[in-house]
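Chemist: Take a look at this one; I'll ask things after.
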Amino acid sequence: MLRRGKLFAATAVFLAASLVPAAHAAFFSLPPMFLERIAFDAPVLPPFAHSRFCLQYPTDCEVRRTFRQREVALTRERWTQLVAVNRDVNRAIAPQRNAGGAMTEEWLVSPKAGDCNDYAVTKRHELLRRGWPSRALILSEVVTAWGEHHLVLVIRTVEGDFVLDSLNHGIRSVAMTRYRWIRAQSQDDPKFWSRINVVASARATVPTRTQLSRAYLQNRAALALRKSQTDDCCRADSDGSAEYAVVAERQEQE
């Protein structure tokens, strides 16, 4: 009995030591369900505030071609950058209501306090500064499950499209956000916008679940920054404070 217990303990130590690299491997060969992408439709007028933003920050609205490949491969280094930028910007900017409505809306990079627009453009600015190409960093307007217009940053990669969001400290696939997609920047020129929706790629089939892929999905449930309703994009409490809640992510499809 003692020998059997020692064998079990040794096995547990071995599995624990191998879990981290295995988890990394599982992420970088994600199941096909994670390959859903935003699809661009007819051209549409950009948000008025974005046109003003381009006048104030012209370099952020230029075409940047820095990676040789047409599509960006999501290496461990780039994934680490995404996690750090999403986390740091969410922590650095205090949520604040835009009391003046859409006509007075101003998108700012790295303000002390701001709404979802400021979070999104700041994250994009930081990734551009780190050498990411403009075609991979797409500002996107969505509607939340509670009917609010909201701005997020979509990262387009070979492995799929991922969302950096002021409402969630985790990084999620576009398929896991439960948003209604409205419009987004063009990949070819960030000054132009198009209507968008989310479609499954040709490789998207129902995968066989593994223990690690289940763990990956469970880890996508993160602490979200939920804000009270305003007339414009994003919500903030009247006093600028925020209510934190755990967001339940999409359930596994058997």
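Labels for the structure tokens follow display order: chains A, B, ..., residues from 1 in each chain, ligands from 1.
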Return as a list in words the full set of residues in segment 27-116 of chain A whose backbone-based DSSP assignment is strand (DSSP E).
Modeler: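 Of segment 27-116 of chain A, the ones in strand (DSSP E) are Arg37, Ile38, Ala39, Phe40, Asp41, Ala42, Pro43, Val44, Ala94, Pro95, Ala113 and Gly114 of chain A.
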Chemist: Deliver the residues from the most recent selection as a file, using C-alpha atoms, as a short mmCIF file (atom, residue, chain, number, x, y, z; two decimals), in the first residue's frame.
Modeler:
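Result saved to out24.cif:
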data_model
loop_
_atom_site.label_atom_id
_atom_site.label_comp_id
_atom_site.auth_asym_id
_atom_site.auth_seq_id
_atom_site.Cartn_x
_atom_site.Cartn_y
_atom_site.Cartn_z
CA ARG A 37 -13.14 35.12 -37.72
CA ILE A 38 -14.66 38.49 -38.41
CA ALA A 39 -15.71 38.85 -42.05
CA PHE A 40 -15.71 42.24 -43.78
CA ASP A 41 -18.76 43.35 -45.76
CA ALA A 42 -19.74 46.61 -47.45
CA PRO A 43 -17.88 49.84 -46.65
CA VAL A 44 -19.50 52.04 -44.02
CA ALA A 94 -10.11 54.30 -14.61
CA PRO A 95 -13.63 53.83 -16.05
CA ALA A 113 -9.83 57.91 -16.95
CA GLY A 114 -11.96 57.02 -19.95
#
Chemist: Which residues are near segment 155-160 of chain A? Cut-off 9 Å, only C-alpha atoms, ignore same chain within fewer than 2 positions. Put them as a PyMOL selection string.
Modeler: chain A and resi 28-30+34-38+71-74+82+135-139+153+162-164+173-174
Chemist: Emit the selected residues as a short mmCIF file (atom, residue, chain, number, x, y, z; two decimals), in the first residue's frame, including N, CA and C atoms.
Modeler:
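After the write, selection_32.cif holds the following:
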data_model
loop_
_atom_site.label_atom_id
_atom_site.label_comp_id
_atom_site.auth_asym_id
_atom_site.auth_seq_id
_atom_site.Cartn_x
_atom_site.Cartn_y
_atom_site.Cartn_z
N PHE A 28 -1.23 26.60 -28.72
CA PHE A 28 -0.72 26.95 -30.03
C PHE A 28 -1.09 25.93 -31.10
N SER A 29 -1.89 24.93 -30.75
CA SER A 29 -2.56 24.10 -31.74
C SER A 29 -4.01 24.00 -31.31
N LEU A 30 -4.67 25.17 -31.26
CA LEU A 30 -6.02 25.26 -30.73
C LEU A 30 -6.99 24.40 -31.52
N PHE A 34 -11.81 27.52 -32.54
CA PHE A 34 -11.24 28.83 -32.27
C PHE A 34 -10.89 29.58 -33.55
N LEU A 35 -11.19 29.01 -34.73
CA LEU A 35 -10.81 29.63 -35.98
C LEU A 35 -11.94 30.45 -36.58
N GLU A 36 -12.96 30.79 -35.80
CA GLU A 36 -13.97 31.70 -36.29
C GLU A 36 -13.37 33.10 -36.38
N ARG A 37 -13.76 33.83 -37.42
CA ARG A 37 -13.14 35.12 -37.72
C ARG A 37 -14.20 36.17 -38.02
N ILE A 38 -13.78 37.44 -37.91
CA ILE A 38 -14.66 38.49 -38.41
C ILE A 38 -14.54 38.53 -39.93
N GLU A 71 -0.31 37.16 -42.91
CA GLU A 71 -1.03 36.93 -41.66
C GLU A 71 -0.04 36.75 -40.52
N VAL A 72 -0.39 37.23 -39.37
CA VAL A 72 0.51 37.20 -38.22
C VAL A 72 0.39 35.86 -37.50
N ALA A 73 1.52 35.20 -37.29
CA ALA A 73 1.54 33.97 -36.51
C ALA A 73 1.57 34.32 -35.02
N LEU A 74 0.74 33.67 -34.25
CA LEU A 74 0.63 33.98 -32.83
C LEU A 74 1.65 33.16 -32.04
N LEU A 82 0.24 40.39 -25.95
CA LEU A 82 -1.19 40.66 -25.92
C LEU A 82 -1.74 40.61 -24.50
N ARG A 135 -2.64 45.84 -40.05
CA ARG A 135 -3.66 44.92 -40.55
C ARG A 135 -4.10 43.89 -39.51
N ALA A 136 -3.29 43.70 -38.47
CA ALA A 136 -3.62 42.72 -37.44
C ALA A 136 -4.34 43.34 -36.25
N LEU A 137 -4.49 44.67 -36.23
CA LEU A 137 -5.05 45.38 -35.08
C LEU A 137 -6.28 46.15 -35.53
N ILE A 138 -7.45 45.59 -35.28
CA ILE A 138 -8.69 46.09 -35.86
C ILE A 138 -9.64 46.59 -34.77
N LEU A 139 -9.84 47.90 -34.72
CA LEU A 139 -10.86 48.45 -33.83
C LEU A 139 -12.24 48.02 -34.34
N LEU A 153 -10.79 45.75 -29.38
CA LEU A 153 -9.69 45.59 -30.33
C LEU A 153 -9.60 44.12 -30.72
N PHE A 162 -8.84 37.22 -32.10
CA PHE A 162 -8.97 37.30 -30.65
C PHE A 162 -9.33 38.71 -30.23
N VAL A 163 -9.98 38.83 -29.07
CA VAL A 163 -10.53 40.11 -28.63
C VAL A 163 -9.82 40.60 -27.37
N LEU A 164 -9.34 41.85 -27.43
CA LEU A 164 -8.84 42.56 -26.25
C LEU A 164 -9.94 43.53 -25.84
N SER A 173 -11.44 34.27 -27.96
CA SER A 173 -11.76 34.16 -29.38
C SER A 173 -13.00 34.99 -29.67
N VAL A 174 -13.12 35.49 -30.91
CA VAL A 174 -14.32 36.25 -31.27
C VAL A 174 -15.58 35.42 -31.07
#
Chemist: Hey, what's within 9 Å of Asp60 of chain A if we count only C-alpha atoms and toss same-chain stuff fewer than 3 positions away? As an MDAnalysis selection string, please?
Modeler: chainID A and resid 53:54 57 63:64 121 124:125 128 134 190
Chemist: For the selection just defined, write its residues with C-alpha atoms to a file, as a CSV table (one decimal), in the first residue's frame.
Modeler:
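Contents of part-v5.csv, as written:
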chain,number,residue,atom,x,y,z
A,53,PHE,CA,-8.9,60.6,-33.5
A,54,CYS,CA,-7.0,60.3,-36.8
A,57,TYR,CA,-3.1,60.8,-33.7
A,63,VAL,CA,-0.8,51.6,-42.7
A,64,ARG,CA,2.0,49.8,-40.8
A,121,VAL,CA,-7.2,52.8,-29.0
A,124,ARG,CA,-3.8,49.3,-30.4
A,125,HIS,CA,-1.3,52.2,-29.9
A,128,LEU,CA,1.8,49.3,-32.9
A,134,SER,CA,-1.9,47.7,-38.6
A,190,PRO,CA,-7.2,51.8,-40.8
Chemist: Out of A:Leu127, A:Ser166, A:Val198, A:Ala184, which residue has the shortest atom-to-atom distance to Thr80 of chain A when counting only C-alpha atoms?
Modeler: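 Among A:Leu127, A:Ser166, A:Val198, A:Ala184, it is A:Leu127 that comes nearest to Thr80 of chain A.
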Chemist: For atom CA of Asn117 of chain A and atom CA of Leu151 of chain A, quote the distance in Å rounded to one decimal.
Modeler: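 So the answer is 5.5 Å.
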Chemist: For atom CA of Pro47 of chain A and atom CA of Pro111 of chain A, determine how far apart the two atoms are, in Å to one decimal place.
Modeler: 19.7 Å
Chemist: Could you tell me which of A:Ala175, A:Ser140, A:Val89, A:Pro58 comes closest to Val199 of chain A if we count only C-alpha atoms?
Modeler: A:Ala175
Chemist: List every residue of segment 39-208 of chain A that DSSP, applied to the backbone, labels as helix (DSSP H, G or I), and write the result as a PyMOL selection string.
Modeler: chain A and resi 48-56+58-61+76-92+102-104+116-129+134-136+174-176
Chemist: State, in Å with one decimal place, the distance from atom CA of Ala49 of chain A to atom CA of Asn197 of chain A.
Modeler: 21.8 Å
Chemist: With only C-alpha atoms as the basis for distance, which of A:Leu55, A:Arg130, A:Ile182, A:Asp189 is at the shortest distance from Ala84 of chain A?
Modeler: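 Between A:Leu55, A:Arg130, A:Ile182, A:Asp189, the residue approaching Ala84 of chain A most closely is A:Arg130.
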